[in-house]
Amino acid sequence: MGKGVALSTAEPMGATRWLLRGHSALVYAFFYAPIVVLAFYSFNESQLVGRWSGFSLRWYEAFLQNDNIQSSLWVSVKICAASTVISVVLGTLAALSIERFRWWGQKVFDAVLYLPIIIPDVTMAVMMLVFFGETAELFNVIPGVDLTDGLEKLVLSHVAFNISFVSVVVRARLANLDEAMEEAAADLYASRWQAFRRVTLPQIMPGVLGGALLAVTLSLDDVVVSSFVSAVGATPVSVYVFGMLRKGVSPLINAVSVVILAASMTLVMASLVLERATSSRKR
Amino acid sequence: MDVVVDPGLEHQAERARSRQGFLMGLPAIIYLFVFFVIPLGFVVMYSFATRTRTGRTELAGWNVEAYERLGEAVVRAVAFRSLWIAAVTTLLSLVLAYPLAYFISTRRPATRNMLLVGVMIPFWSNFLIRTYAWRVLLDSDGIFTRIMSGVGLGDGRILFTNNAVILGLVYGYLPFMVLPLYAAIERIDWSLVEGARDLYASGWSAFRRVVWPLSKPGVIAGSILVFVPSFGAYVTPAILGGNKKGLMGSYIVDQFMDARNGPLGSSLSVLVLVVMLMGTLIYFRQGGRSL
């Protein structure tokens, strides 16, 4: 807003006003109530999910003692770390290339870069399955590469969608920046590399970190693509949990879910805080 | 003014700069070409390929059989059911999100930011687990079921029905609707509304004649962002749905996992892709921006 018109013009009066408030409160309740209920029941002592019989941490203990979940968590951490590092480097370079330069064919690249974001999970999963099915043998010819254990396939396909998300975040940051700073550095005889390292990079760092957090989140959350490319023995935690919860509800899954959700929410909040902290200075 | 600018030199510098930009993007270009464009090409090729008796897909004997099968009654039923579910999900999300987006955009900036973060957190949090939370609520002795039967709305059991899938999809994708709506409503110049009111428009007609038309780009953007993933949804029906093969996403997965029919699964994927591309085109035509 900020057009000098009082907010009161926009806000309806009388009963409508209270209806609007009530409705909004209900929608927020809709967003958060299921999560709260899930968290609540994860501390339930009972074997039956829906019947409360007392507070207990037994399901969290069971979670810590479950070897399958632990090893799948470890798989996830590895995939997550590798795919985030690769996609942050590639995505940041892509963002710089599109925002700061003009070159032939750029529009096409820009369009292709958007596709992994909007493509439905299932289609992306099918693409990866078919692709690795046809080409795994070709890749295995390269010395040191072995796609049969699935870990590499998971990393490769996570990078394929994460590059785009990282570049969107970094581009948003770059678009808000003043190019004058870089030009000033150039005027002061900084080499291009110096200007980049001393001026551009520190300024886009919040965007890069935000993109990295987003990549970590998406990599941890992905179920569909991962379940299509993961092999036996290298199951990421999301796929493992998906398999478990298709069978039905159990207090153990509740506990695992709460841990995953807490991790995911922490990451989201961290990236939002990063974004706010940097964009508020600008506005 | 005898400064001679050599146009050739300037041109050269410009070309060097453009080449530098291209080289910077090159790693990502190569990566996306190998691990996105080529896989996409394979799916398109598969959709025209032959299925052998053993269920393997042979890249030979090109035909359009897999596309002809899209017209079959079974496949059509799946497609229409998915379209219907996606449409209902979109409409429900719009009805829920519009008043909320309006409410958020008419708050003071500080409150507005907090309310937005409240929408963003579920937006990026683990989708699978959020869907599972509904499974717990809808279970036969879950809270939702007990409340519903307590109030007297049937026996309250909706788990494993299309209604449960719609509920889960609305829950999952509602933020996709709220955010573009908010962006559109927040941009509205409220002096126009004030003008309408000064000309004795009632609150309702000021909304209908001024606010609604101005917020339409947000309505369209949000609708597409909800419709497209709902149409191809896989996780939600798998957890909350009944007939696991009755919807597009699951039906495609089934073609690869159980039925071993690569060509049909691929032609279905191409269909989903076309729906997505059409949605995207409309989105950008309407002046939509990326989130």
# chains A, B, ... in the order shown; residues from 1 in each chain; ligands from 1
$ closest_atom_pairs --of "chain B" --to "chain A" --cutoff "6 Å" --atoms "only C-alpha atoms" --output "CSV"
residue,atom,partner,partner_atom,distance
B:Ser18,CA,A:Trp103,CA,5.0
B:Gly21,CA,A:Ser97,CA,4.8
B:Met24,CA,A:Leu93,CA,5.5
B:Gly25,CA,A:Ala94,CA,4.5
B:Ala28,CA,A:Leu90,CA,5.2
B:Pro39,CA,A:Phe131,CA,4.9
B:Leu40,CA,A:Met127,CA,5.7
B:Val43,CA,A:Met127,CA,5.8
B:Leu100,CA,A:Ser24,CA,5.0
B:Ser125,CA,A:Ser264,CA,5.4
B:Asn126,CA,A:Asp221,CA,5.4
B:Ile129,CA,A:Ser257,CA,5.8
B:Ala133,CA,A:Pro34,CA,5.5
B:Asp141,CA,A:Gly50,CA,5.3
B:Gly142,CA,A:Gly50,CA,5.3
B:Pro229,CA,A:Pro120,CA,5.7
B:Ile239,CA,A:Arg246,CA,5.7
B:Ser269,CA,A:Thr123,CA,5.4
$ select_by_dssp --residues "range 36-222 of chain A" --states "alpha helix (DSSP H)" --output "number ranges by chain"
A: 36-42, 58-65, 67-100, 106-118, 121-141, 151-176, 179-187, 192-195, 201-221
$ write_last_selection --atoms "C-alpha atoms" --output "short mmCIF file (atom, residue, chain, number, x, y, z; two decimals), in the first residue's frame"
data_model
loop_
_atom_site.label_atom_id
_atom_site.label_comp_id
_atom_site.auth_asym_id
_atom_site.auth_seq_id
_atom_site.Cartn_x
_atom_site.Cartn_y
_atom_site.Cartn_z
CA VAL A 36 0.16 -29.57 16.63
CA VAL A 37 -2.01 -32.66 16.95
CA LEU A 38 0.68 -34.80 15.33
CA ALA A 39 3.32 -33.43 17.70
CA PHE A 40 1.00 -33.98 20.66
CA TYR A 41 0.35 -37.63 19.82
CA SER A 42 4.04 -38.35 19.27
CA ARG A 58 9.31 -44.08 24.34
CA TRP A 59 8.67 -43.49 20.62
CA TYR A 60 11.57 -41.10 20.39
CA GLU A 61 13.74 -43.73 22.05
CA ALA A 62 12.45 -46.28 19.56
CA PHE A 63 13.35 -43.84 16.80
CA LEU A 64 16.90 -43.50 18.09
CA GLN A 65 17.26 -47.27 18.32
CA ASP A 67 18.84 -48.92 12.71
CA ASN A 68 16.93 -48.69 9.43
CA ILE A 69 15.83 -45.15 10.10
CA GLN A 70 19.26 -44.17 11.32
CA SER A 71 20.98 -45.49 8.22
CA SER A 72 18.42 -43.86 5.93
CA LEU A 73 19.00 -40.57 7.74
CA TRP A 74 22.69 -40.96 7.05
CA VAL A 75 21.96 -41.56 3.34
CA SER A 76 19.84 -38.39 3.31
CA VAL A 77 22.57 -36.33 4.94
CA LYS A 78 25.10 -37.46 2.34
CA ILE A 79 22.80 -36.78 -0.63
CA CYS A 80 21.74 -33.49 0.84
CA ALA A 81 25.27 -32.23 1.42
CA ALA A 82 26.56 -33.25 -1.99
CA SER A 83 23.57 -32.01 -3.97
CA THR A 84 23.46 -28.71 -2.07
CA VAL A 85 27.12 -27.91 -2.66
CA ILE A 86 26.92 -28.69 -6.37
CA SER A 87 23.65 -26.90 -6.95
CA VAL A 88 24.72 -23.81 -5.01
CA VAL A 89 27.84 -23.41 -7.15
CA LEU A 90 26.07 -24.08 -10.45
CA GLY A 91 22.93 -22.15 -9.50
CA THR A 92 24.82 -19.05 -8.33
CA LEU A 93 26.91 -18.98 -11.50
CA ALA A 94 23.74 -19.35 -13.57
CA ALA A 95 22.08 -16.51 -11.67
CA LEU A 96 25.05 -14.20 -12.21
CA SER A 97 25.21 -15.14 -15.85
CA ILE A 98 21.56 -14.29 -16.44
CA GLU A 99 21.25 -11.19 -14.24
CA ARG A 100 24.56 -9.53 -15.04
CA GLN A 106 20.03 -16.55 -22.80
CA LYS A 107 16.22 -16.47 -23.04
CA VAL A 108 16.10 -20.18 -23.82
CA PHE A 109 18.35 -20.98 -20.88
CA ASP A 110 16.18 -18.81 -18.65
CA ALA A 111 13.06 -20.73 -19.71
CA VAL A 112 14.67 -24.15 -19.24
CA LEU A 113 15.91 -23.05 -15.83
CA TYR A 114 12.28 -22.51 -14.76
CA LEU A 115 11.04 -25.92 -15.89
CA PRO A 116 12.37 -28.02 -12.96
CA ILE A 117 10.48 -25.70 -10.58
CA ILE A 118 7.07 -26.06 -12.19
CA ASP A 121 7.14 -34.42 -9.28
CA VAL A 122 5.82 -37.48 -11.04
CA THR A 123 6.98 -36.30 -14.46
CA MET A 124 10.43 -35.44 -13.16
CA ALA A 125 10.61 -38.85 -11.48
CA VAL A 126 9.66 -40.65 -14.69
CA MET A 127 12.26 -38.65 -16.60
CA MET A 128 15.01 -39.65 -14.18
CA LEU A 129 13.95 -43.29 -14.11
CA VAL A 130 13.90 -43.59 -17.89
CA PHE A 131 17.12 -41.60 -18.28
CA PHE A 132 19.17 -43.65 -15.83
CA GLY A 133 17.63 -46.84 -17.15
CA GLU A 134 18.93 -46.04 -20.60
CA THR A 135 22.25 -44.42 -19.77
CA ALA A 136 23.55 -45.95 -16.51
CA GLU A 137 25.81 -48.28 -18.46
CA LEU A 138 27.28 -45.38 -20.40
CA PHE A 139 28.05 -43.53 -17.16
CA ASN A 140 29.59 -46.61 -15.59
CA VAL A 141 32.19 -46.67 -18.37
CA LEU A 151 23.63 -42.73 -4.20
CA GLU A 152 25.09 -40.93 -7.22
CA LYS A 153 21.78 -41.14 -9.06
CA LEU A 154 20.03 -39.50 -6.11
CA VAL A 155 22.59 -36.70 -5.96
CA LEU A 156 22.47 -36.14 -9.72
CA SER A 157 18.69 -35.91 -9.83
CA HIS A 158 18.45 -33.68 -6.74
CA VAL A 159 20.94 -31.28 -8.29
CA ALA A 160 18.78 -31.22 -11.43
CA PHE A 161 15.90 -29.60 -9.57
CA ASN A 162 17.91 -27.68 -6.97
CA ILE A 163 19.96 -25.63 -9.45
CA SER A 164 16.79 -23.86 -10.48
CA PHE A 165 15.63 -23.04 -6.98
CA VAL A 166 19.06 -21.74 -5.96
CA SER A 167 19.31 -19.56 -9.04
CA VAL A 168 15.85 -18.07 -8.45
CA VAL A 169 16.78 -17.06 -4.90
CA VAL A 170 20.17 -15.66 -5.90
CA ARG A 171 18.65 -13.81 -8.85
CA ALA A 172 16.10 -12.15 -6.60
CA ARG A 173 18.98 -10.94 -4.47
CA LEU A 174 21.01 -9.75 -7.47
CA ALA A 175 18.05 -7.86 -8.92
CA ASN A 176 17.80 -5.84 -5.70
CA GLU A 179 25.40 -2.44 -9.97
CA ALA A 180 27.00 0.91 -9.18
CA MET A 181 29.04 -0.69 -6.39
CA GLU A 182 30.67 -3.10 -8.80
CA GLU A 183 31.26 -0.29 -11.26
CA ALA A 184 32.83 1.82 -8.53
CA ALA A 185 35.16 -1.06 -7.70
CA ALA A 186 36.09 -1.30 -11.37
CA ASP A 187 36.72 2.46 -11.46
CA ARG A 192 36.95 -8.26 -12.31
CA TRP A 193 37.78 -11.08 -9.96
CA GLN A 194 38.60 -8.69 -7.12
CA ALA A 195 35.39 -6.76 -7.71
CA LEU A 201 30.00 -11.97 -3.43
CA PRO A 202 29.58 -10.50 0.08
CA GLN A 203 26.45 -8.75 -1.10
CA ILE A 204 24.82 -11.80 -2.65
CA MET A 205 25.93 -14.07 0.20
CA PRO A 206 22.54 -13.94 1.99
CA GLY A 207 20.91 -15.01 -1.27
CA VAL A 208 23.43 -17.81 -1.72
CA LEU A 209 22.89 -19.03 1.84
CA GLY A 210 19.12 -18.75 1.45
CA GLY A 211 19.36 -20.78 -1.74
CA ALA A 212 21.52 -23.36 0.03
CA LEU A 213 18.99 -23.74 2.85
CA LEU A 214 16.23 -24.11 0.30
CA ALA A 215 18.23 -26.78 -1.52
CA VAL A 216 18.80 -28.67 1.74
CA THR A 217 15.07 -28.48 2.53
CA LEU A 218 13.97 -29.64 -0.90
CA SER A 219 16.50 -32.43 -0.97
CA LEU A 220 15.37 -33.71 2.44
CA ASP A 221 11.69 -33.38 1.51
#
$ residues_around --residues "Lys216 in chain B" --least-positions-apart "6" --cutoff "12 Å" --atoms "only C-alpha atoms" --output "list in words"
Leu94, Tyr98, Pro180, Leu181, Tyr182, Ala183, Ala184, Ile185, Arg187, Ile188, Arg208, Arg209, Val210, Gly222, Ser223, Tyr283, Gln286, Gly287 and Gly288 of chain B
$ residues_around --residues "Tyr67 in chain B" --least-positions-apart "5" --cutoff "8 Å" --atoms "only C-alpha atoms" --output "list in words"
Ser47, Leu264 and Ser267 of chain B
$ closest_residue --among "B:Val211, B:Leu281, B:Val178, B:Val228" --to "Ile85 in chain B" --atoms "only C-alpha atoms"
B:Val228
$ residues_around --residues "range 159-170 of chain B" --least-positions-apart "6" --cutoff "8 Å" --atoms "only C-alpha atoms" --output "NGL selection string"
:B and (85-86 or 88-90 or 92-93 or 131 or 134-135 or 138-139 or 230 or 236-237 or 240-243)
